[in-house]
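File shown here: coords-v6.tsv, holding TSV, C-alpha atoms and all ligand atoms.
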chain	number	residue	atom	x	y	z
A	1	MET	CA	-17.26	15.98	2.55
A	2	LYS	CA	-15.84	18.26	-0.17
A	3	TYR	CA	-12.18	17.45	0.50
A	4	ASN	CA	-12.02	13.69	0.97
A	5	THR	CA	-8.87	11.77	1.90
A	6	ALA	CA	-8.99	9.51	-1.16
A	7	PHE	CA	-10.82	9.61	-4.45
A	8	PRO	CA	-10.48	7.69	-7.73
A	9	PHE	CA	-9.92	9.76	-10.88
A	10	PHE	CA	-10.58	8.93	-14.56
A	11	TYR	CA	-10.13	11.43	-17.38
A	12	GLU	CA	-13.18	11.87	-19.62
A	13	SER	CA	-11.20	10.51	-22.60
A	14	ASP	CA	-10.29	7.41	-20.54
A	15	ILE	CA	-13.93	6.91	-19.57
A	16	GLN	CA	-14.95	7.03	-23.25
A	17	ASP	CA	-12.20	4.56	-24.15
A	18	ILE	CA	-13.23	2.16	-21.36
A	19	LEU	CA	-16.90	2.41	-22.35
A	20	SER	CA	-16.34	1.73	-26.04
A	21	LYS	CA	-14.07	-1.27	-25.37
A	22	THR	CA	-16.52	-2.58	-22.77
A	23	GLU	CA	-19.39	-2.23	-25.22
A	24	ASP	CA	-17.37	-4.26	-27.67
A	25	PHE	CA	-17.00	-7.25	-25.42
A	26	LEU	CA	-20.56	-6.92	-24.08
A	27	ARG	CA	-21.65	-7.36	-27.71
A	28	GLY	CA	-19.71	-10.60	-27.92
A	29	ASN	CA	-16.61	-9.27	-29.65
A	30	GLY	CA	-14.24	-10.31	-26.93
A	31	MET	CA	-13.95	-12.08	-23.62
A	32	LEU	CA	-15.33	-11.00	-20.25
A	33	SER	CA	-12.47	-12.77	-18.53
A	34	MET	CA	-9.24	-14.49	-19.55
A	35	GLY	CA	-9.02	-12.25	-22.61
A	36	LYS	CA	-6.38	-9.89	-23.96
A	37	TYR	CA	-6.77	-6.97	-21.53
A	38	VAL	CA	-5.63	-8.80	-18.39
A	39	HIS	CA	-2.57	-9.93	-20.27
A	40	GLU	CA	-1.91	-6.38	-21.56
A	41	PHE	CA	-2.38	-4.98	-18.06
A	42	GLU	CA	0.20	-7.40	-16.67
A	43	GLN	CA	2.68	-6.60	-19.42
A	44	LYS	CA	2.24	-2.89	-19.00
A	45	PHE	CA	2.58	-3.15	-15.23
A	46	SER	CA	5.86	-5.04	-15.65
A	47	GLN	CA	7.13	-2.43	-18.12
A	48	THR	CA	6.09	0.46	-15.91
A	49	ILE	CA	7.89	-0.71	-12.79
A	50	GLY	CA	10.65	-2.70	-14.50
A	51	ALA	CA	9.68	-6.10	-13.06
A	52	GLN	CA	10.03	-9.32	-15.04
A	53	HIS	CA	6.71	-10.89	-14.05
A	54	SER	CA	3.32	-9.46	-13.11
A	55	ILE	CA	0.36	-11.64	-12.15
A	56	ALA	CA	-3.01	-9.92	-11.82
A	57	VAL	CA	-5.32	-11.17	-9.06
A	58	THR	CA	-8.57	-10.10	-7.42
A	59	SER	CA	-7.06	-8.06	-4.55
A	60	CYS	CA	-3.87	-7.34	-2.65
A	61	THR	CA	-5.17	-9.62	0.10
A	62	ALA	CA	-5.36	-12.45	-2.45
A	63	ALA	CA	-1.90	-11.48	-3.75
A	64	LEU	CA	-0.37	-11.76	-0.26
A	65	GLU	CA	-1.93	-15.17	0.34
A	66	THR	CA	-0.85	-16.39	-3.08
A	67	VAL	CA	2.74	-15.25	-2.65
A	68	LEU	CA	3.01	-16.88	0.78
A	69	THR	CA	1.59	-20.13	-0.62
A	70	SER	CA	3.94	-20.00	-3.61
A	71	MET	CA	6.86	-19.79	-1.18
A	72	GLY	CA	5.67	-22.94	0.60
A	73	ILE	CA	4.99	-21.04	3.83
A	74	GLY	CA	2.55	-22.78	6.18
A	75	VAL	CA	2.10	-24.50	9.51
A	76	ALA	CA	4.91	-23.94	12.08
A	77	ASP	CA	6.39	-21.10	10.02
A	78	GLU	CA	6.66	-17.50	11.18
A	79	VAL	CA	6.34	-14.34	9.12
A	80	ILE	CA	7.36	-10.95	10.48
A	81	VAL	CA	4.71	-8.26	10.07
A	82	PRO	CA	5.12	-4.56	11.00
A	83	ALA	CA	2.65	-3.08	13.50
A	84	GLN	CA	1.58	-0.20	11.25
A	85	THR	CA	-0.40	-1.95	8.55
A	86	PHE	CA	-3.80	-3.11	7.38
A	87	ILE	CA	-5.31	-6.37	8.66
A	88	ALA	CA	-4.55	-8.19	5.38
A	89	THR	CA	-0.78	-8.14	5.94
A	90	GLY	CA	-1.28	-10.17	9.13
A	91	SER	CA	-4.37	-12.19	8.24
A	92	SER	CA	-2.81	-13.51	5.01
A	93	VAL	CA	-0.14	-15.18	7.14
A	94	VAL	CA	-2.77	-16.89	9.30
A	95	ARG	CA	-4.79	-17.91	6.23
A	96	VAL	CA	-1.84	-20.00	4.98
A	97	GLY	CA	-1.48	-21.62	8.42
A	98	ALA	CA	1.58	-19.70	9.61
A	99	ARG	CA	2.02	-17.29	12.53
A	100	PRO	CA	2.48	-13.54	12.19
A	101	VAL	CA	5.22	-12.15	14.45
A	102	PHE	CA	4.49	-8.48	14.99
A	103	CYS	CA	7.37	-6.05	14.83
A	104	GLU	CA	7.97	-2.40	15.74
A	105	VAL	CA	7.96	0.33	13.11
A	106	ASN	CA	10.33	3.27	13.14
A	107	GLU	CA	9.48	6.99	13.14
A	108	ASN	CA	8.57	6.79	9.45
A	109	PHE	CA	5.99	4.07	10.27
A	110	ILE	CA	8.00	1.47	8.38
A	111	LEU	CA	9.54	-1.71	9.72
A	112	ASP	CA	12.23	-1.10	12.33
A	113	PHE	CA	15.35	-2.91	11.12
A	114	SER	CA	16.91	-3.42	14.55
A	115	ASP	CA	13.67	-4.78	16.05
A	116	LEU	CA	13.28	-7.05	13.02
A	117	LYS	CA	16.68	-8.61	13.77
A	118	GLN	CA	15.54	-9.41	17.33
A	119	ARG	CA	12.41	-11.18	16.13
A	120	ILE	CA	14.01	-13.63	13.72
A	121	THR	CA	13.93	-17.25	14.91
A	122	LYS	CA	14.72	-20.57	13.23
A	123	ASN	CA	11.07	-20.64	12.11
A	124	THR	CA	11.11	-17.27	10.32
A	125	LYS	CA	10.40	-17.85	6.64
A	126	ALA	CA	9.51	-14.38	5.42
A	127	VAL	CA	9.31	-10.70	6.30
A	128	MET	CA	6.55	-8.40	5.09
A	129	LEU	CA	7.88	-4.95	4.27
A	130	VAL	CA	5.00	-2.49	4.05
A	131	HIS	CA	5.90	0.73	2.20
A	132	PHE	CA	3.52	2.57	4.48
A	133	ALA	CA	1.90	5.64	2.89
A	134	GLY	CA	4.17	5.16	-0.13
A	135	ILE	CA	7.54	5.50	1.64
A	136	ILE	CA	10.30	3.03	0.83
A	137	HIS	CA	12.74	2.07	3.59
A	138	ASP	CA	16.11	3.69	2.93
A	139	ASP	CA	17.72	0.49	4.33
A	140	VAL	CA	15.77	-1.76	1.97
A	141	PHE	CA	18.84	-3.10	0.13
A	142	GLU	CA	20.58	-3.84	3.42
A	143	ILE	CA	17.46	-5.54	4.77
A	144	LYS	CA	17.24	-7.68	1.65
A	145	LYS	CA	20.89	-8.69	1.94
A	146	TYR	CA	20.49	-9.50	5.65
A	147	LEU	CA	17.47	-11.73	4.93
A	148	ASN	CA	19.08	-13.36	1.87
A	149	GLU	CA	22.01	-14.46	3.99
A	150	ARG	CA	19.51	-16.22	6.29
A	151	ASP	CA	17.34	-17.75	3.55
A	152	ILE	CA	14.38	-15.63	4.56
A	153	TYR	CA	12.06	-14.25	1.90
A	154	LEU	CA	11.33	-10.54	1.67
A	155	ILE	CA	7.76	-9.75	0.56
A	156	GLU	CA	6.86	-6.17	-0.27
A	157	ASP	CA	3.36	-5.20	0.72
A	158	ALA	CA	3.26	-2.45	-1.87
A	159	ALA	CA	-0.47	-1.70	-1.53
A	160	HIS	CA	0.38	2.00	-1.03
A	161	ALA	CA	3.42	2.21	-3.24
A	162	HIS	CA	2.48	2.30	-6.92
A	163	GLY	CA	5.07	4.58	-8.44
A	164	ALA	CA	7.37	4.78	-5.38
A	165	SER	CA	11.05	4.22	-6.04
A	166	ILE	CA	14.51	4.27	-4.50
A	167	ASN	CA	17.58	5.18	-6.55
A	168	GLY	CA	15.51	4.57	-9.68
A	169	VAL	CA	14.34	1.09	-8.59
A	170	TYR	CA	10.56	0.88	-8.32
A	171	ALA	CA	8.62	-0.73	-5.48
A	172	GLY	CA	7.80	-4.19	-6.73
A	173	ASN	CA	11.47	-5.05	-7.39
A	174	LEU	CA	12.91	-4.75	-3.90
A	175	GLY	CA	12.06	-8.14	-2.41
A	176	ASP	CA	11.42	-11.68	-3.66
A	177	ALA	CA	7.85	-10.77	-4.56
A	178	ALA	CA	5.55	-7.78	-4.13
A	179	CYS	CA	1.81	-7.29	-3.77
A	180	PHE	CA	-0.10	-4.22	-4.99
A	181	SER	CA	-3.69	-3.16	-4.35
A	182	PHE	CA	-6.04	-1.54	-6.85
A	183	PHE	CA	-8.82	-0.91	-4.32
A	184	SER	CA	-10.77	2.30	-5.01
A	185	THR	CA	-8.72	4.49	-2.67
A	186	LYS	CA	-5.33	3.51	-4.04
A	187	ASN	CA	-2.96	5.52	-6.28
A	188	THR	CA	-4.28	3.62	-9.31
A	189	THR	CA	-7.47	1.61	-9.16
A	190	THR	CA	-9.57	-1.10	-10.75
A	191	GLY	CA	-12.26	-0.93	-8.05
A	192	GLU	CA	-11.02	-4.16	-6.53
A	193	GLY	CA	-7.88	-5.87	-7.75
A	194	GLY	CA	-4.28	-6.72	-7.03
A	195	MET	CA	-0.97	-7.44	-8.74
A	196	ILE	CA	1.88	-9.72	-7.79
A	197	THR	CA	5.29	-8.80	-9.18
A	198	THR	CA	8.47	-10.82	-8.97
A	199	ASN	CA	11.78	-11.26	-10.73
A	200	ASN	CA	11.85	-14.94	-9.75
A	201	PRO	CA	10.45	-17.06	-12.63
A	202	GLU	CA	9.68	-20.04	-10.37
A	203	LEU	CA	7.61	-17.98	-7.95
A	204	ALA	CA	5.87	-16.32	-10.90
A	205	LYS	CA	4.90	-19.68	-12.34
A	206	LYS	CA	3.57	-20.91	-9.01
A	207	CYS	CA	1.54	-17.73	-8.43
A	208	ASP	CA	0.11	-17.98	-11.94
A	209	SER	CA	-0.90	-21.58	-11.29
A	210	ILE	CA	-2.43	-20.86	-7.85
A	211	ARG	CA	-4.68	-18.12	-9.25
A	212	HIS	CA	-5.86	-20.61	-11.92
A	213	ARG	CA	-6.95	-23.20	-9.30
A	214	GLY	CA	-3.59	-24.96	-9.39
A	215	LYS	CA	-3.52	-25.59	-13.13
A	216	ASP	CA	-0.34	-26.86	-14.73
A	217	MET	CA	0.38	-23.78	-16.84
A	218	ASP	CA	2.57	-25.74	-19.27
A	219	ALA	CA	-0.24	-28.19	-20.13
A	220	ASP	CA	-2.68	-27.27	-22.88
A	221	CYS	CA	-5.46	-29.22	-21.18
A	222	GLU	CA	-6.94	-29.07	-17.69
A	223	LEU	CA	-4.32	-30.75	-15.54
A	224	PHE	CA	-3.99	-29.53	-11.98
A	225	ASN	CA	-0.83	-30.22	-10.07
A	226	CYS	CA	-1.29	-28.11	-6.96
A	227	ILE	CA	-4.18	-26.81	-4.86
A	228	GLY	CA	-5.07	-23.32	-5.95
A	229	THR	CA	-8.14	-21.17	-6.20
A	230	ASN	CA	-9.78	-18.79	-8.65
A	231	LEU	CA	-8.32	-15.30	-8.27
A	232	ARG	CA	-8.62	-14.06	-11.83
A	233	LEU	CA	-9.26	-10.41	-12.64
A	234	THR	CA	-12.00	-9.61	-15.19
A	235	GLU	CA	-11.37	-7.89	-18.52
A	236	PHE	CA	-13.33	-4.84	-17.37
A	237	GLN	CA	-11.09	-4.40	-14.33
A	238	ALA	CA	-8.02	-4.78	-16.52
A	239	LEU	CA	-9.33	-2.03	-18.82
A	240	LEU	CA	-9.63	0.30	-15.85
A	241	GLY	CA	-6.13	-0.67	-14.77
A	242	LEU	CA	-4.64	-0.03	-18.22
A	243	THR	CA	-5.97	3.53	-18.38
A	244	GLN	CA	-4.91	4.19	-14.79
A	245	LEU	CA	-1.38	2.95	-15.46
A	246	ASN	CA	-1.05	5.44	-18.33
A	247	ARG	CA	-1.64	8.15	-15.72
A	248	LEU	CA	0.61	6.79	-12.98
A	249	ASN	CA	3.46	9.29	-13.44
A	250	GLU	CA	1.02	12.15	-13.66
A	251	PHE	CA	-0.82	10.99	-10.53
A	252	ILE	CA	2.39	10.61	-8.51
A	253	SER	CA	3.77	13.98	-9.67
A	254	HIS	CA	0.52	15.61	-8.66
A	255	ARG	CA	0.55	13.96	-5.24
A	256	ASN	CA	4.12	15.22	-4.78
A	257	ALA	CA	3.10	18.74	-5.81
A	258	VAL	CA	0.29	18.74	-3.23
A	259	ALA	CA	2.68	17.38	-0.59
A	260	LYS	CA	5.20	20.11	-1.43
A	261	ILE	CA	2.60	22.76	-0.69
A	262	TYR	CA	1.66	21.07	2.57
A	263	ASN	CA	5.33	20.76	3.57
A	264	GLU	CA	6.07	24.38	2.77
A	265	LYS	CA	3.01	25.74	4.51
A	266	LEU	CA	3.26	23.46	7.54
A	267	SER	CA	6.90	24.36	8.08
A	268	VAL	CA	5.57	26.94	10.54
A	269	LEU	CA	4.32	24.04	12.67
A	270	PHE	CA	7.46	21.95	12.13
A	271	SER	CA	9.81	24.76	13.15
A	272	ASN	CA	7.83	25.40	16.33
A	273	ASN	CA	7.85	21.72	17.33
A	274	LEU	CA	4.08	21.52	16.95
A	275	ALA	CA	4.30	18.80	14.31
A	276	GLU	CA	6.76	16.61	12.43
A	277	GLY	CA	6.64	14.70	9.16
A	278	PRO	CA	8.53	11.67	7.86
A	279	GLU	CA	12.20	11.93	6.91
A	280	ILE	CA	12.55	11.07	3.23
A	281	ALA	CA	16.11	10.12	2.28
A	282	ASP	CA	17.67	11.35	-0.97
A	283	GLY	CA	16.96	9.07	-3.92
A	284	ILE	CA	13.50	8.09	-2.68
A	285	VAL	CA	10.36	9.01	-4.61
A	286	HIS	CA	7.49	9.02	-2.13
A	287	ALA	CA	4.24	7.84	-3.75
A	288	TYR	CA	2.19	9.84	-1.24
A	289	TRP	CA	-0.74	7.47	-0.98
A	290	ARG	CA	-1.11	9.29	2.32
A	291	TYR	CA	0.20	12.61	3.55
A	292	TRP	CA	0.68	12.19	7.29
A	293	ILE	CA	2.27	14.25	10.01
A	294	ARG	CA	2.62	13.66	13.72
A	295	LEU	CA	1.22	16.33	16.03
A	296	GLY	CA	3.04	17.55	19.12
A	297	ALA	CA	2.09	16.11	22.48
A	298	ASN	CA	-1.09	17.51	24.06
A	299	ILE	CA	-2.64	18.52	20.73
A	300	ASP	CA	-6.00	16.79	20.54
A	301	ARG	CA	-6.32	15.24	17.06
A	302	GLU	CA	-9.98	14.28	17.54
A	303	ASN	CA	-10.81	17.93	18.10
A	304	ILE	CA	-8.74	18.93	15.06
A	305	GLN	CA	-10.63	16.37	13.00
A	306	LEU	CA	-13.97	17.88	14.11
A	307	LYS	CA	-12.84	21.44	13.36
A	308	MET	CA	-11.48	20.49	9.95
A	309	ALA	CA	-14.77	18.73	9.15
A	310	GLU	CA	-16.57	22.05	9.77
A	311	ASN	CA	-14.67	23.26	6.68
A	312	ALA	CA	-15.64	20.12	4.74
A	313	ILE	CA	-12.09	18.78	5.04
A	314	LYS	CA	-11.77	15.12	5.94
A	315	THR	CA	-8.80	14.08	8.06
A	316	ASP	CA	-8.10	10.64	9.48
A	317	TRP	CA	-5.44	8.25	10.73
A	318	ALA	CA	-4.45	4.79	9.55
A	319	TYR	CA	-4.30	2.20	10.93
A	320	SER	CA	-6.24	2.33	14.12
A	321	PRO	CA	-5.95	0.05	16.00
A	322	LEU	CA	-2.54	-1.10	14.82
A	323	VAL	CA	-2.65	-4.59	13.34
A	324	HIS	CA	-1.35	-6.47	16.42
A	325	LEU	CA	-4.13	-4.85	18.50
A	326	GLN	CA	-6.98	-5.86	16.19
A	327	PRO	CA	-9.50	-7.89	18.22
A	328	VAL	CA	-8.81	-11.05	16.24
A	329	PHE	CA	-5.09	-10.99	17.04
A	330	LYS	CA	-5.66	-10.00	20.66
A	331	GLU	CA	-7.86	-13.05	21.01
A	332	MET	CA	-5.65	-15.45	19.03
A	333	TYR	CA	-2.31	-14.52	20.55
A	334	GLY	CA	-3.14	-12.63	23.76
A	335	ASN	CA	-1.66	-9.43	22.31
A	336	GLU	CA	-2.11	-6.37	24.48
A	337	GLN	CA	-1.53	-2.64	24.44
A	338	GLY	CA	2.09	-1.95	25.35
A	339	MET	CA	3.42	-4.94	23.40
A	340	LEU	CA	5.00	-2.70	20.75
A	341	PRO	CA	5.42	0.54	22.70
A	342	LEU	CA	7.29	2.56	20.07
A	343	SER	CA	4.81	1.86	17.27
A	344	GLU	CA	1.88	2.48	19.60
A	345	ALA	CA	3.30	5.83	20.70
A	346	TYR	CA	4.10	6.95	17.14
A	347	ALA	CA	0.62	6.02	15.94
A	348	GLN	CA	-1.23	7.92	18.65
A	349	THR	CA	-0.57	11.42	17.35
A	350	HIS	CA	-0.52	11.22	13.57
A	351	ILE	CA	-3.10	12.70	11.25
A	352	CYS	CA	-3.53	12.58	7.46
A	353	LEU	CA	-4.57	15.41	5.14
A	354	PRO	CA	-6.43	14.84	1.85
A	355	ILE	CA	-4.13	13.97	-1.04
A	356	HIS	CA	-5.21	12.66	-4.44
A	357	PHE	CA	-5.55	13.80	-8.03
A	358	SER	CA	-8.75	15.80	-7.48
A	359	ILE	CA	-7.17	17.93	-4.76
A	360	THR	CA	-5.97	20.95	-6.74
A	361	LEU	CA	-2.93	23.00	-5.75
A	362	GLU	CA	-5.34	25.78	-4.67
A	363	ASP	CA	-7.25	23.25	-2.55
A	364	ALA	CA	-3.95	22.21	-0.98
A	365	GLU	CA	-3.18	25.81	-0.01
A	366	PHE	CA	-6.64	26.23	1.48
A	367	ILE	CA	-6.47	22.93	3.39
A	368	ALA	CA	-3.00	23.71	4.77
A	369	ASP	CA	-4.04	27.22	5.85
A	370	GLU	CA	-7.15	25.89	7.60
A	371	PHE	CA	-5.13	23.14	9.25
A	372	ILE	CA	-2.57	25.59	10.61
A	373	LYS	CA	-5.34	27.80	12.04
A	374	VAL	CA	-7.05	24.84	13.68
A	375	VAL	CA	-3.82	23.43	15.14
A	376	LEU	CA	-2.68	26.80	16.50
A	377	ALA	CA	-6.09	27.23	18.17
A	378	GLU	CA	-5.65	23.82	19.81
A	379	VAL	CA	-2.17	24.39	21.23
A	380	PRO	CA	-2.45	24.38	25.04
A	381	ARG	CA	-1.37	27.75	26.48
B	401	LIG	C1	-0.95	-2.25	3.52
B	401	LIG	C2	-2.10	-2.94	2.88
B	401	LIG	N1	-1.98	-4.24	2.55
B	401	LIG	C3	-2.98	-4.92	1.98
B	401	LIG	C4	-4.17	-4.31	1.69
B	401	LIG	C5	-5.28	-5.10	1.08
B	401	LIG	O1	-5.62	-4.62	-0.18
B	401	LIG	P1	-6.96	-5.11	-0.93
B	401	LIG	O2	-8.05	-4.24	-0.43
B	401	LIG	O3	-6.65	-4.88	-2.37
B	401	LIG	O4	-7.15	-6.53	-0.60
B	401	LIG	C6	-4.35	-2.96	1.99
B	401	LIG	C7	-5.62	-2.30	1.68
B	401	LIG	O5	-5.86	-1.16	1.96
B	401	LIG	C8	-3.29	-2.26	2.61
B	401	LIG	O6	-3.42	-0.96	2.94
Can you give me the file's structure in the form of structure tokens?
Amino acid sequence: MKYNTAFPFFYESDIQDILSKTEDFLRGNGMLSMGKYVHEFEQKFSQTIGAQHSIAVTSCTAALETVLTSMGIGVADEVIVPAQTFIATGSSVVRVGARPVFCEVNENFILDFSDLKQRITKNTKAVMLVHFAGIIHDDVFEIKKYLNERDIYLIEDAAHAHGASINGVYAGNLGDAACFSFFSTKNTTTGEGGMITTNNPELAKKCDSIRHRGKDMDADCELFNCIGTNLRLTEFQALLGLTQLNRLNEFISHRNAVAKIYNEKLSVLFSNNLAEGPEIADGIVHAYWRYWIRLGANIDRENIQLKMAENAIKTDWAYSPLVHLQPVFKEMYGNEQGMLPLSEAYAQTHICLPIHFSITLEDAEFIADEFIKVVLAEVPR
């Protein structure tokens, strides 16, 4: 497909830089793991988003499990998880022995604050806040305060939110800890990889220890004082991450420029109630990992997907099924369709258009024009 929904991008000069540094350590002049680049990547990540601590791990899934473990969350504990998210947000909770409590999302596909309040019990230890598509909750500071007062941790699942911010505060600084993904489709990538950020030195130390198999990080010999695992990133991945981080602002500005074209062009659909997009409050920088809109009732998105594909334009929807309706959770907890009716209804009609650094502004105009044609042809008369 010519216009894919996600695509990694490396400048030629970055490729040359990565290759020459890689050649260096392949020739024995440096480490393949536990060398200087992972450390540099962590430092640069902290600087970029303004967090005090960054801990690089093998994936966002690993980051979520590590953070939950570092908080002492386990058997008999509950963690609130929004319906609109990837399996890892829920499965990480089960992997540490706790129970995910699934919660409605609002029209922006992010955690519904009032439903969250209803789902808190004496066993609730943490809430996962997923910045879905790169959108930060405009109530995030209020949510944090509400949870603080109840001794409940707030964990940002920031897999989609590299470069997103609210009132100048970057994702990664909004909860007690945050987890980023560097999977190939993400705003910046290392192929596979993840980053934990936190401004809590104790949590940082625990996460660091867990990813080093539970090593006592103050000891200069191999003493292990907790059960951990090996979640270390390689030097090669860190090199990719370093060059990608240099481009983060550029990548996010470009995504916003593409989205602006889509928004302007698609206003013809919005003003005729044929589609609607998310409401982005002032002060929020959307990272646009995804550009999604919701189609009006009776517009068949499967058909639109087929028609767009005829023009080599890939469209899709995430996540389908929603996390609480994944077979594993249906079987484990007896979850059924209708359990979270608002989230299920919102998710049924949305569709995503391609957005990434290789989609040019001309491509964006073409894609939007084709999309409008296809949608108008689908509107029931
Ligand atoms: C919201 C969310 N959380 C967690 C993950 C897991 O990320 P990773 O593939 O790095 O484990 C993803 C991956 O797409 C995601 O979208």
- [ ] Give the answer as one residue: which of A:Glu142, A:Glu107, A:Glu23, A:Asp115 has the shortest atom-to-atom distance to Arg294 (chain A), using only C-alpha atoms?
- [x] A:Glu107
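Of the listed residues A:Lys307, A:Lys314, A:Lys265, A:Arg232, the one whose atoms come nearest to Ile372 (chain A) is A:Lys265, with distances taken using only C-alpha atoms.
The smallest atom-to-atom distance between Cys60 (chain A) and any of A:Glu331, A:Glu336, A:Asp316, A:Asp157, using all atoms listed in the file, is found for A:Asp157.
Residue nearest Ala275 (chain A) within the list A:His350, A:His137, A:Lys2, A:His356: A:His350 [criterion: smallest interatomic distance, all atoms listed in the file].
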Contacts of ligand LIG 401 (chain B), 9 Å or closer, all atoms listed in the file, given as a tab-separated table (two decimals) with C-alpha atoms, keeping the file's coordinate frame:
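What follows is the written file part.tsv:
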chain	number	residue	atom	x	y	z
A	58	THR	CA	-8.57	-10.10	-7.42
A	59	SER	CA	-7.06	-8.06	-4.55
A	60	CYS	CA	-3.87	-7.34	-2.65
A	61	THR	CA	-5.17	-9.62	0.10
A	62	ALA	CA	-5.36	-12.45	-2.45
A	63	ALA	CA	-1.90	-11.48	-3.75
A	64	LEU	CA	-0.37	-11.76	-0.26
A	84	GLN	CA	1.58	-0.20	11.25
A	85	THR	CA	-0.40	-1.95	8.55
A	86	PHE	CA	-3.80	-3.11	7.38
A	87	ILE	CA	-5.31	-6.37	8.66
A	88	ALA	CA	-4.55	-8.19	5.38
A	89	THR	CA	-0.78	-8.14	5.94
A	90	GLY	CA	-1.28	-10.17	9.13
A	130	VAL	CA	5.00	-2.49	4.05
A	131	HIS	CA	5.90	0.73	2.20
A	132	PHE	CA	3.52	2.57	4.48
A	133	ALA	CA	1.90	5.64	2.89
A	157	ASP	CA	3.36	-5.20	0.72
A	158	ALA	CA	3.26	-2.45	-1.87
A	159	ALA	CA	-0.47	-1.70	-1.53
A	160	HIS	CA	0.38	2.00	-1.03
A	179	CYS	CA	1.81	-7.29	-3.77
A	180	PHE	CA	-0.10	-4.22	-4.99
A	181	SER	CA	-3.69	-3.16	-4.35
A	182	PHE	CA	-6.04	-1.54	-6.85
A	183	PHE	CA	-8.82	-0.91	-4.32
A	184	SER	CA	-10.77	2.30	-5.01
A	185	THR	CA	-8.72	4.49	-2.67
A	186	LYS	CA	-5.33	3.51	-4.04
A	191	GLY	CA	-12.26	-0.93	-8.05
A	192	GLU	CA	-11.02	-4.16	-6.53
A	193	GLY	CA	-7.88	-5.87	-7.75
A	194	GLY	CA	-4.28	-6.72	-7.03
A	195	MET	CA	-0.97	-7.44	-8.74
A	318	ALA	CA	-4.45	4.79	9.55
A	319	TYR	CA	-4.30	2.20	10.93
As JSON, what would the box around region 31-43 of chain A look like: edges along x, y and z, 8 Å added on every side, centre and edge lengths in Å to one decimal?
{"center_x": -6.3, "center_y": -9.7, "center_z": -20.3, "size_x": 34.0, "size_y": 25.5, "size_z": 23.3}
With the input short on atoms, add N, CA and C atoms back to region 314-327 of chain A and write it as a PDB file, keeping the file's coordinate frame.
ATOM      1  N   LYS A 314     -11.853  16.389   5.208  1.00  0.00           N
ATOM      2  CA  LYS A 314     -11.770  15.120   5.940  1.00  0.00           C
ATOM      3  C   LYS A 314     -10.321  14.861   6.341  1.00  0.00           C
ATOM      4  N   THR A 315     -10.120  14.522   7.602  1.00  0.00           N
ATOM      5  CA  THR A 315      -8.800  14.080   8.060  1.00  0.00           C
ATOM      6  C   THR A 315      -9.004  12.745   8.753  1.00  0.00           C
ATOM      7  N   ASP A 316      -7.961  11.918   8.773  1.00  0.00           N
ATOM      8  CA  ASP A 316      -8.100  10.640   9.480  1.00  0.00           C
ATOM      9  C   ASP A 316      -6.732  10.110   9.846  1.00  0.00           C
ATOM     10  N   TRP A 317      -6.712   8.888  10.395  1.00  0.00           N
ATOM     11  CA  TRP A 317      -5.440   8.250  10.730  1.00  0.00           C
ATOM     12  C   TRP A 317      -5.543   6.765  10.427  1.00  0.00           C
ATOM     13  N   ALA A 318      -4.491   6.220   9.869  1.00  0.00           N
ATOM     14  CA  ALA A 318      -4.450   4.790   9.550  1.00  0.00           C
ATOM     15  C   ALA A 318      -3.147   4.242  10.131  1.00  0.00           C
ATOM     16  N   TYR A 319      -3.168   3.069  10.682  1.00  0.00           N
ATOM     17  CA  TYR A 319      -4.300   2.200  10.930  1.00  0.00           C
ATOM     18  C   TYR A 319      -4.605   2.233  12.425  1.00  0.00           C
ATOM     19  N   SER A 320      -5.861   2.218  12.737  1.00  0.00           N
ATOM     20  CA  SER A 320      -6.240   2.330  14.120  1.00  0.00           C
ATOM     21  C   SER A 320      -7.370   1.332  14.390  1.00  0.00           C
ATOM     22  N   PRO A 321      -7.174   0.342  15.270  1.00  0.00           N
ATOM     23  CA  PRO A 321      -5.950   0.050  16.000  1.00  0.00           C
ATOM     24  C   PRO A 321      -4.859  -0.506  15.072  1.00  0.00           C
ATOM     25  N   LEU A 322      -3.628  -0.478  15.576  1.00  0.00           N
ATOM     26  CA  LEU A 322      -2.540  -1.100  14.820  1.00  0.00           C
ATOM     27  C   LEU A 322      -2.853  -2.595  14.675  1.00  0.00           C
ATOM     28  N   VAL A 323      -2.201  -3.234  13.703  1.00  0.00           N
ATOM     29  CA  VAL A 323      -2.650  -4.590  13.340  1.00  0.00           C
ATOM     30  C   VAL A 323      -2.554  -5.573  14.511  1.00  0.00           C
ATOM     31  N   HIS A 324      -1.495  -5.480  15.346  1.00  0.00           N
ATOM     32  CA  HIS A 324      -1.350  -6.470  16.420  1.00  0.00           C
ATOM     33  C   HIS A 324      -2.431  -6.301  17.489  1.00  0.00           C
ATOM     34  N   LEU A 325      -3.093  -5.116  17.493  1.00  0.00           N
ATOM     35  CA  LEU A 325      -4.130  -4.850  18.500  1.00  0.00           C
ATOM     36  C   LEU A 325      -5.550  -5.020  17.939  1.00  0.00           C
ATOM     37  N   GLN A 326      -5.649  -5.545  16.724  1.00  0.00           N
ATOM     38  CA  GLN A 326      -6.980  -5.860  16.190  1.00  0.00           C
ATOM     39  C   GLN A 326      -7.575  -6.963  17.058  1.00  0.00           C
ATOM     40  N   PRO A 327      -8.898  -6.903  17.314  1.00  0.00           N
ATOM     41  CA  PRO A 327      -9.500  -7.890  18.220  1.00  0.00           C
ATOM     42  C   PRO A 327      -9.126  -9.340  17.890  1.00  0.00           C
TER      43      PRO A 327
END
